[in-house]
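Participant: Shown below is the structure under consideration.
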Amino acid sequence: MATIVFDQVSKVYDAGGKKLAAANEVSFAIDQGEFAVILGPSGAGKSTILNLLGGMDYASSGRILIGGRNITNYDDEQLADYRAQYIGFVFQFYNLVPNLTALENVQLAEEICKNPLDAAEMLERVGLGDRKNNFPGQMSGGEQQRVSIARALAKNPQILLCDEPTGALDSGTGRIVLKLIRDIARDMGKTVVVVTHNAPIAEMADTVIHMRDGQISEIRHTEHPRPVEEIVW
Amino acid sequence: MVKGALIKKSIEDMKKNRSQFLSIFIMAALAIGMSVGLDTIWTTIDAHSQSFYQDTNISDFWVAASNPSDLNLWRVRNLKGVQKAEKRFTVNNATARIDGKPILRVYAVPSENTLDMSMIMSGKKLSKHGAILDRSFAQANHLSVGDPLTIEVNDKRIDTTIEALALSSENIYAVKDTASMMPDPKGYGFIVIDEDRIASAYGGRKPYNQIEVRLAKGADAAEIQSRMDSIFGKKLNFVMAQTDNRGVNFANAKVIQFRSFATVFPFMFFLVTALITFSTMMRLTEDQRNQIGILKALGYSKKSILWHYTSYGVFVGMAGILVGILFGPNVIGRLLLSKIKNLMTFPVEDMVINISKFLFGASIIMTFTAGISFLSCLKLQNEVPAELLRTKMPKKGRHIFLEHFPYVWNRMKFSQKLTARNAMRNKFRIVVSILGVSGCAGLIIGALALFDLVSGIPKTLYEKTYSYDQKVILDSDTTDRAIRNLNLDGIVQDMEESSVQLTTQEGLRKVTAVSVFSKESPLIHLKDAEGNSVTLPDTGIAMTRKLAELMNVEVGDTVNLKRSSDTYYPVTIMKVVYMPSAQGIYMTDGYWQEIGENFHPTALLVQWNKKDNDFLNSGYITSYTDRTTQKSDFEGNLSAIFGTSLLLIVSGTVLAFVVLYNMGMLNFAERVRDLATLEVLGFHQKEIRPLVLTENIVSTVIGIFLGIPIGKYLAGTIAGGFGDDFDLISRVTPDRILIAAAITLTFAAIVNHIVRKKIKSIDMLQALKSVE
Ligand SMILES: Nc1ncnc2c1ncn2[C@@H]1O[C@H](COP(=O)(O)OP(=O)(O)OP(=O)(O)O)[C@@H](O)[C@H]1O
Ligand SMILES: [Mg+2]
């Protein structure tokens with residue numbers, strides 16, 4: 001069953017009078033439980049696709065079906081609900097609330113979700129059980145990114161979206177983070193979409209969507225993605 | 001090129017932070033405008049009156065004495081400290097034989113006199129036969145130089161020709177008697193004639209009744225005044241100091257009042273300017289630490305970077321000062337002065353700006369705006385470019401005190417926890433908001449209290465104290481008996497109003513008004529400060545509270561009273577009464593006679609059953625006024641102060657809005673990232689709004705509470721700053737506090753509404769794109 005369907009989706013920006021299509025009639029499908037990577041050079045429109053998928057922006061045209069429901073018709077409030085119930089987001093710059101502790105950041109999920117997972121337990125799973133009461137400012141980038149993953153997963157979302165999750169980390173730390181995403185998602189049966197311009201990362205994906213100039217240049221499926229440990233970048 | 005780039009950057013920065021720079025500008029302009037504007041009023045009146053006094057050679061005091069001899073005059077002249085002494089004759093009840101029979105004060109002056117000269121505005125100096133006429137009176141009655149004018153003095157006619165129109169420094173506030181509050185140039189004025197012309201009205205003998213005395217510099221006025229007794233003996237009526245002249249007193253009171261306003265009120269504006277500049281510049285430079293790093297890395301010198309940031313403050317401050325100095329005197333000054341100037345006559349029109357005070361205010365503004373900008377940038381100057389260029393560490397979160405109480409803490413919603421932590425992290429901004437709001441609320445409360453004070457005076461006098469319909473000034477020939485025979489249809493109370501000289505045991509002397517009437521007093525209801533009725537004592541006097549305070553006496557003390565009789569009569573203060581304006585003493589007609597005076601009513605108070613127009617038009621009376629007219633005249637008299645209070649309410653309101661808007665926006669700007677993060681997580685608008693709004697509301701409410709004592713303090717200071725004639729009790733009533741709170745809360749609500757819209761329009765993707 002395809003949980004994510006993009007059907008002729010366009011996003012046109014009005015950049016100084018000129019129309020700029022950040023996504024141009026993009027169509028693809030990602031199945032439940034799949035690990036997908038959107039790959040492409042800077043400016044290709046990867047983040048645009050991910051943001052549309054995450055219900056953070058409105059498409060200019062086309063349909064986005066999530067579990068059969070068209071989210072392009074949603075208003076602000078419905079989109080907020082959609083984000084709360086379906087989506088977990090991990091950003092390049094973590095986006096933790098600086099004035100909340102690691103645990104409290106994860107507990108935010110409990111405030112909005114119907115079936116949240118236990119915040120402390122999620123922190124244990126990302127290996128930060130002993131850093132619960134630290135504030136983001138007291139943690140390294142990798143640790144903060146792990147808190148952010150714990151927060152995204154604690155919402156118990158169907159879809160986990162990651163925009164350059166390792167962009168601000170060194171390769172060793174990046175590897176740990178990616179492995180964490182991969183393993184937990186597989187355990188919990190989550191659909192994962194990772195955006196990156198880093199080609200080797202794509203080797204760990206079930207599906208790789210190549211993008212260039214707002215369009216999909218190629219979609220490739222692999223039966224046997226490589227384990228994170230074997231990837232070099 | 002390098003310079004141009006920085007200037008461009010300044011313009012861009014200013015555009016981006018326009019609402020905050022606009023706020024600083026408005027605050028600075030208001031601070032300067034208010035202080036210079038309010039200052040202009042008193043400096044103008046002060047300068048005009050002082051130069052008028054000098055140009056006309058006004059006396060330091062006047063001795064009222066019946067037919068002083070040349071020997072008396074000679075002895076006064078020879079007193080140590082007396083520079084000049086001259087004699088003249090004056091009466092206040094001549095009538096001009098023109099339409100409406102207006103009253104004139106006549107000065108009959110020896111031609112060689114040099115003191116208390118009138119200032120001739122048109123025509124030429126007085127000849128033996130001519131007259132110098134009050135210019136305002138002439139204009140109101142359509143008289144001009146060359147016209148003949150006949151006056152009636154002591155029931156005799158004197159024919160004169162108007163030779164000049166003039167102003168008199170003794171008559172800058174030209175009201176004919178104590179019952180009048182508004183100058184009425186059609187009905188009252190002054191005229192100066194030669195001493196020879198008055199003789200015919202007094203049986204051919206030149207009468208004198210006044211000695212004008214000018215003191216040498218540094219002379220002891222009190223000491224010299226006290227010698228008059230021995231010089232004039234029985235002839236002495238009283239000594240009137242320059243400050244006892246109604247015009248001088250009126251001008252002084254305005255100077256005192258507006259000096260007090262100009263000191264008390266602008267303080268808030270200066271304070272808020274400093275606070276807003278501080279919070280704006282702190283944030284701007286903190287936001288731009290990267291840019292400062294880039295500028296440094298590019299090789300801009302420390303000096304040029306410092307100047308770049310300081311220049312924000314310099315330009316905004318200067319713009320504010322410039323607009324303030326234009327707007328203060330020209331709008332505030334002109335508006336309020338025009339209300340006072342209707343009441344006073346000065347030879348010049350131009351405004352006098354208090355330059356030194358302006359420079360002082362301007363330098364304070366510049367210190368605040370430029371100094372704060374400089375310091376906030378200097379703080380970052382000590383870091384090396386690399387440090388500045390590094391992505392700024394997100395501010396460290398910190399546990400707060402409240403977390404030690406898990407019972408409370410664990411029950412709080414995350415948004416409440418977050419608000420509490422944010423608040424503790426941004427203590428400074430919250431303190432600024434609270435101070436700003438309390439200043440505004442205090443200012444509005446103070447301004448409302450000022451309004452109440454001023455509107456309370458005529459209310460107390462003409463609604464609570466007096467209950468007559470009309471006050472009739474009797475002709476000097478009208479006897480008590482004649483009035484009784486008229487059998488007027490209504491409640492009638494006769495009274496004698498006069499002035500007496502009081503001397504305390506300590507030697508303090510004062511010429512003060514005395515009112516004499518019956519103990520029953522059906523139409524004058526004296527009260528004490530608490531509003532309880534006071535009846536006149538059978539023996540002894542009642543004194544107004546302020547006069548007692550000024551003379552440093554209290555109930556039970558004895559003062560020496562002197563009027564026309566040669567002796568000082570010791571009278572005991574039996575009661576103290578409260579009068580908001582017009583201080584003096586009261587006694588019964590019985591006691592008045594006991595101390596050797598004749599009871600000769602000068603005024604009649606009437607509450608009609610049926611108004612007797614025949615009586616009001618009869619020869620028994622010289623004039624009459626309705627109580628309602630007196631009340632509205634009084635209000636007109638204080639209109640400049642009403643204007644001031646309205647101005648302060650309006651500007652306090654502007655202040656409140658600017659402060660709240662700024663603080664709301666600043667709080668919002670600091671929270672944008674948190675808000676976007678929460679929004680991405682799926683929080684709804686109504687769940688994230690409290691993060692910003694709660695803080696605004698809480699600091700507004702705390703600010704309002706702190707504003708109450710500030711308002712009370714302002715009200716108290718203002719009440720004490722009205723001068724000797726006024727005895728004002730400042731009362732900040734709960735409804736005034738409610739009004740101030742409502743105004744402030746309304747603005748808080750408007751600002752919250754704007755912030756709410758801004759929260760709604762947050763572009764979460766943009767907000768989260770990069771590290772701040
Ligand atoms: N808010 C916007 N307004 C105008 N143009 C935009 C906006 N956001 C993105 N774009 C444009 O859309 C195009 C795609 O942007 P997008 O952020 O999706 O790229 P990307 O593939 O994520 O690049 P990167 O790897 O650098 O993040 C770019 O050319 C960008 O300039
Ligand atoms: Mg991107």
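Naming scheme: A, B, ... for chains in displayed order of the structure tokens; residues 1 onward per chain; ligands 1 onward as shown.
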Using only C-alpha atoms, find which residues of chain B lie within 12 Å of chain A and jot them down as a VMD selection string.
Facilitator: chain B and resid 391 to 400 403 410 413 to 426 670 to 688 691 760 to 772
Participant: Name the residues in contact with Arg212 in chain A at a cut-off of 6 Å, using only C-alpha atoms, excluding same-chain residues fewer than 3 positions from it; report them as a ChimeraX atom specification.
Facilitator: /A:40,44,215
Participant: Mind the document's chain letters and residue numbers, and return as a PyMOL selection string the residues of range 12-229 of chain A that DSSP labels helix (DSSP H, G or I).
Facilitator: chain A and resi 46-53+71-73+76-86+102-112+119-125+129-131+136-138+141-154+171-188+199-204+228-229
Participant: Around ligand 2, out to 8 Å and counting only C-alpha atoms and all ligand atoms, which residues are there? I want them as a PyMOL selection string.
Facilitator: chain A and resi 42-43+45-48+163-164+195-196
Participant: Atoms to include: N, CA and C atoms. Write the selected residues as a PDB file, in the first residue's frame.
Facilitator:
ATOM      1  N   SER A  42      22.197  21.177  -4.499  1.00  0.00           N
ATOM      2  CA  SER A  42      21.590  22.295  -3.789  1.00  0.00           C
ATOM      3  C   SER A  42      20.654  23.055  -4.726  1.00  0.00           C
ATOM      4  N   GLY A  43      19.485  23.404  -4.216  1.00  0.00           N
ATOM      5  CA  GLY A  43      18.540  24.168  -5.017  1.00  0.00           C
ATOM      6  C   GLY A  43      17.654  23.316  -5.900  1.00  0.00           C
ATOM      7  N   GLY A  45      15.222  21.417  -5.090  1.00  0.00           N
ATOM      8  CA  GLY A  45      13.810  21.403  -4.706  1.00  0.00           C
ATOM      9  C   GLY A  45      13.499  20.309  -3.704  1.00  0.00           C
ATOM     10  N   LYS A  46      14.551  19.729  -3.096  1.00  0.00           N
ATOM     11  CA  LYS A  46      14.367  18.621  -2.150  1.00  0.00           C
ATOM     12  C   LYS A  46      13.582  19.059  -0.912  1.00  0.00           C
ATOM     13  N   SER A  47      14.059  20.158  -0.326  1.00  0.00           N
ATOM     14  CA  SER A  47      13.372  20.622   0.883  1.00  0.00           C
ATOM     15  C   SER A  47      11.941  21.013   0.568  1.00  0.00           C
ATOM     16  N   THR A  48      11.754  21.576  -0.615  1.00  0.00           N
ATOM     17  CA  THR A  48      10.406  21.969  -1.013  1.00  0.00           C
ATOM     18  C   THR A  48       9.463  20.765  -0.977  1.00  0.00           C
ATOM     19  N   ASP A 163      15.374  16.389   7.082  1.00  0.00           N
ATOM     20  CA  ASP A 163      15.992  17.275   6.102  1.00  0.00           C
ATOM     21  C   ASP A 163      17.453  17.485   6.472  1.00  0.00           C
ATOM     22  N   GLU A 164      18.355  16.887   5.691  1.00  0.00           N
ATOM     23  CA  GLU A 164      19.791  16.957   5.962  1.00  0.00           C
ATOM     24  C   GLU A 164      20.106  16.683   7.438  1.00  0.00           C
ATOM     25  N   VAL A 195      16.154  13.696   3.219  1.00  0.00           N
ATOM     26  CA  VAL A 195      16.635  14.565   2.140  1.00  0.00           C
ATOM     27  C   VAL A 195      18.117  14.791   2.325  1.00  0.00           C
ATOM     28  N   THR A 196      18.892  14.645   1.251  1.00  0.00           N
ATOM     29  CA  THR A 196      20.321  14.911   1.354  1.00  0.00           C
ATOM     30  C   THR A 196      20.897  15.228  -0.009  1.00  0.00           C
TER      31      THR A 196
END
Participant: Please report the interatomic distance between CA of Arg481 in chain B and CA of Phe599 in chain B in Å with one decimal.
Facilitator: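 For CA of Arg481 in chain B relative to CA of Phe599 in chain B, the distance reads 11.8 Å.
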Participant: Please list as a list in words every residue within 8 Å of range 63-68 of chain A, counting only C-alpha atoms and excluding residues in the same chain fewer than 2 positions away.
Facilitator: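 Those residues are Ala2, Thr3, Ile4, Val5, Phe6, Asp7, Gln8, Val9, Leu53, Ser61, Asn70, Ile71 and Thr72 of chain A.
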Participant: If you keep all heavy atoms, can you produce a file of those selected residues as a compact mmCIF listing (two decimals), in the first residue's frame?
Facilitator:
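Here's the written file part19.txt:
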# COMPACT_ATOMS: atom_id res chain seq x y z
N ALA A 2 0.64 2.10 -0.95
CA ALA A 2 1.43 3.33 -1.01
C ALA A 2 0.87 4.34 -0.04
O ALA A 2 -0.28 4.76 -0.17
CB ALA A 2 1.40 3.89 -2.43
N THR A 3 1.63 4.68 1.00
CA THR A 3 1.10 5.65 1.96
C THR A 3 1.31 7.07 1.45
O THR A 3 0.55 7.95 1.78
CB THR A 3 1.77 5.52 3.33
OG1 THR A 3 3.17 5.52 3.14
CG2 THR A 3 1.32 4.26 4.01
N ILE A 4 2.38 7.28 0.70
CA ILE A 4 2.65 8.64 0.23
C ILE A 4 2.55 8.66 -1.28
O ILE A 4 3.24 7.91 -1.95
CB ILE A 4 4.06 9.09 0.64
CG1 ILE A 4 4.21 9.03 2.17
CG2 ILE A 4 4.36 10.49 0.11
CD1 ILE A 4 5.61 9.29 2.64
N VAL A 5 1.67 9.51 -1.79
CA VAL A 5 1.58 9.66 -3.24
C VAL A 5 1.66 11.13 -3.61
O VAL A 5 0.90 11.95 -3.09
CB VAL A 5 0.26 9.06 -3.78
CG1 VAL A 5 0.16 9.32 -5.28
CG2 VAL A 5 0.19 7.58 -3.48
N PHE A 6 2.63 11.49 -4.45
CA PHE A 6 2.70 12.83 -5.03
C PHE A 6 2.20 12.73 -6.46
O PHE A 6 2.69 11.93 -7.23
CB PHE A 6 4.16 13.34 -5.05
CG PHE A 6 4.49 14.20 -3.86
CD1 PHE A 6 4.31 13.71 -2.57
CD2 PHE A 6 5.00 15.49 -4.03
CE1 PHE A 6 4.62 14.50 -1.47
CE2 PHE A 6 5.30 16.27 -2.94
CZ PHE A 6 5.12 15.79 -1.65
N ASP A 7 1.18 13.53 -6.76
CA ASP A 7 0.57 13.42 -8.07
C ASP A 7 0.63 14.78 -8.75
O ASP A 7 -0.14 15.68 -8.42
CB ASP A 7 -0.88 12.95 -7.88
CG ASP A 7 -1.60 12.80 -9.21
OD1 ASP A 7 -0.92 12.81 -10.27
OD2 ASP A 7 -2.83 12.71 -9.18
N GLN A 8 1.59 14.94 -9.66
CA GLN A 8 1.73 16.18 -10.44
C GLN A 8 1.84 17.41 -9.53
O GLN A 8 1.22 18.44 -9.79
CB GLN A 8 0.49 16.35 -11.35
CG GLN A 8 0.21 15.21 -12.29
CD GLN A 8 1.01 15.34 -13.57
OE1 GLN A 8 1.21 16.42 -14.09
NE2 GLN A 8 1.51 14.23 -14.07
N VAL A 9 2.64 17.29 -8.49
CA VAL A 9 2.71 18.40 -7.52
C VAL A 9 3.69 19.46 -7.98
O VAL A 9 4.83 19.16 -8.33
CB VAL A 9 3.11 17.88 -6.13
CG1 VAL A 9 3.28 19.03 -5.15
CG2 VAL A 9 2.06 16.89 -5.62
N LEU A 53 5.29 17.63 1.84
CA LEU A 53 4.91 16.33 2.40
C LEU A 53 4.61 16.43 3.89
O LEU A 53 3.70 15.79 4.40
CB LEU A 53 6.06 15.34 2.14
CG LEU A 53 5.98 13.94 2.70
CD1 LEU A 53 4.68 13.27 2.32
CD2 LEU A 53 7.17 13.12 2.18
N SER A 61 -0.07 23.41 -7.17
CA SER A 61 -1.05 22.57 -7.86
C SER A 61 -0.70 21.10 -7.62
O SER A 61 0.36 20.81 -7.07
CB SER A 61 -1.06 22.88 -9.36
OG SER A 61 0.19 22.50 -9.91
N ASN A 70 -6.26 13.46 0.71
CA ASN A 70 -5.59 14.54 0.00
C ASN A 70 -5.32 15.71 0.94
O ASN A 70 -6.23 16.42 1.33
CB ASN A 70 -6.47 14.98 -1.17
CG ASN A 70 -5.77 16.04 -2.02
OD1 ASN A 70 -4.63 16.41 -1.75
ND2 ASN A 70 -6.46 16.50 -3.05
N ILE A 71 -4.06 15.91 1.31
CA ILE A 71 -3.79 16.98 2.28
C ILE A 71 -3.68 18.35 1.64
O ILE A 71 -3.55 19.36 2.33
CB ILE A 71 -2.50 16.69 3.11
CG1 ILE A 71 -1.26 16.71 2.20
CG2 ILE A 71 -2.62 15.39 3.87
CD1 ILE A 71 0.03 16.87 3.00
N THR A 72 -3.70 18.42 0.32
CA THR A 72 -3.59 19.75 -0.30
C THR A 72 -4.83 20.60 -0.09
O THR A 72 -4.81 21.80 -0.29
CB THR A 72 -3.31 19.63 -1.82
OG1 THR A 72 -4.21 18.68 -2.36
CG2 THR A 72 -1.89 19.19 -2.09
Participant: Go through A:Asn24, A:Thr191, A:Thr207, A:Thr222 and flag the residue nearest ligand 1, using only C-alpha atoms and all ligand atoms for the distances.
Facilitator: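 Once distances to ligand 1 are computed over only C-alpha atoms and all ligand atoms, the minimum belongs to A:Asn24.
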Participant: Could you give me, as a PyMOL selection string, each residue of range 401-499 of chain B that DSSP assigns to strand (DSSP E) when run on this structure's backbone?
Facilitator: chain B and resi 470-474+490-499
Participant: Residues of the last selection are to be written out with N, CA and C atoms, as a PDB file, in the first residue's frame.
Facilitator:
ATOM      1  N   GLN B 470     -27.107  84.589  43.536  1.00  0.00           N
ATOM      2  CA  GLN B 470     -26.340  85.722  43.078  1.00  0.00           C
ATOM      3  C   GLN B 470     -25.562  86.368  44.204  1.00  0.00           C
ATOM      4  N   LYS B 471     -24.396  86.857  43.820  1.00  0.00           N
ATOM      5  CA  LYS B 471     -23.636  87.660  44.760  1.00  0.00           C
ATOM      6  C   LYS B 471     -23.699  89.086  44.245  1.00  0.00           C
ATOM      7  N   VAL B 472     -24.201  89.985  45.119  1.00  0.00           N
ATOM      8  CA  VAL B 472     -24.425  91.362  44.707  1.00  0.00           C
ATOM      9  C   VAL B 472     -23.408  92.237  45.423  1.00  0.00           C
ATOM     10  N   ILE B 473     -22.675  93.033  44.669  1.00  0.00           N
ATOM     11  CA  ILE B 473     -21.742  93.969  45.297  1.00  0.00           C
ATOM     12  C   ILE B 473     -22.507  95.268  45.536  1.00  0.00           C
ATOM     13  N   LEU B 474     -22.561  95.662  46.796  1.00  0.00           N
ATOM     14  CA  LEU B 474     -23.390  96.815  47.153  1.00  0.00           C
ATOM     15  C   LEU B 474     -22.641  98.116  46.897  1.00  0.00           C
ATOM     16  N   GLY B 490     -36.636  86.107  49.260  1.00  0.00           N
ATOM     17  CA  GLY B 490     -35.683  84.992  49.166  1.00  0.00           C
ATOM     18  C   GLY B 490     -34.800  84.963  50.399  1.00  0.00           C
ATOM     19  N   ILE B 491     -33.827  84.081  50.401  1.00  0.00           N
ATOM     20  CA  ILE B 491     -32.883  84.032  51.516  1.00  0.00           C
ATOM     21  C   ILE B 491     -31.770  85.027  51.225  1.00  0.00           C
ATOM     22  N   VAL B 492     -31.513  85.896  52.185  1.00  0.00           N
ATOM     23  CA  VAL B 492     -30.533  86.959  51.979  1.00  0.00           C
ATOM     24  C   VAL B 492     -29.459  86.888  53.061  1.00  0.00           C
ATOM     25  N   GLN B 493     -28.220  86.988  52.650  1.00  0.00           N
ATOM     26  CA  GLN B 493     -27.150  87.030  53.641  1.00  0.00           C
ATOM     27  C   GLN B 493     -26.246  88.202  53.310  1.00  0.00           C
ATOM     28  N   ASP B 494     -26.044  89.084  54.280  1.00  0.00           N
ATOM     29  CA  ASP B 494     -25.122  90.176  53.994  1.00  0.00           C
ATOM     30  C   ASP B 494     -23.747  89.867  54.559  1.00  0.00           C
ATOM     31  N   MET B 495     -22.758  90.445  53.936  1.00  0.00           N
ATOM     32  CA  MET B 495     -21.395  90.162  54.381  1.00  0.00           C
ATOM     33  C   MET B 495     -20.503  91.342  54.068  1.00  0.00           C
ATOM     34  N   GLU B 496     -19.456  91.463  54.863  1.00  0.00           N
ATOM     35  CA  GLU B 496     -18.477  92.490  54.572  1.00  0.00           C
ATOM     36  C   GLU B 496     -17.196  91.800  54.162  1.00  0.00           C
ATOM     37  N   GLU B 497     -16.663  92.220  53.040  1.00  0.00           N
ATOM     38  CA  GLU B 497     -15.395  91.670  52.589  1.00  0.00           C
ATOM     39  C   GLU B 497     -14.378  92.786  52.557  1.00  0.00           C
ATOM     40  N   SER B 498     -13.245  92.486  53.122  1.00  0.00           N
ATOM     41  CA  SER B 498     -12.247  93.528  53.230  1.00  0.00           C
ATOM     42  C   SER B 498     -10.891  92.849  53.360  1.00  0.00           C
ATOM     43  N   SER B 499      -9.864  93.656  53.523  1.00  0.00           N
ATOM     44  CA  SER B 499      -8.600  93.001  53.814  1.00  0.00           C
ATOM     45  C   SER B 499      -8.021  93.565  55.098  1.00  0.00           C
TER      46      SER B 499
END
Participant: Name the residues in contact with Glu223 in chain A at a cut-off of 8 Å, using only C-alpha atoms, excluding same-chain residues fewer than 2 positions from it; report them as a list in words.
Facilitator: Asp206, His221 and Pro225 of chain A
Participant: Show which residues sit within 7 Å of Asn67 in chain B, as a PyMOL selection string. Count only C-alpha atoms, and ignore same-chain residues fewer than 3 positions away.
Facilitator: chain B and resi 207-209
Participant: Need the shell around Asp118 in chain A: protein/DNA/RNA residues with any atom at most 9 Å away, counting only C-alpha atoms. Skip same-chain ones fewer than 2 positions apart. Format as a ChimeraX atom specification?
Facilitator: /A:106-107,110,116,120-123,154
Participant: Can you tell me how far CA of Lys101 in chain B sits from CA of Gly619 in chain B, in Å to one decimal?
Facilitator: 11.6 Å
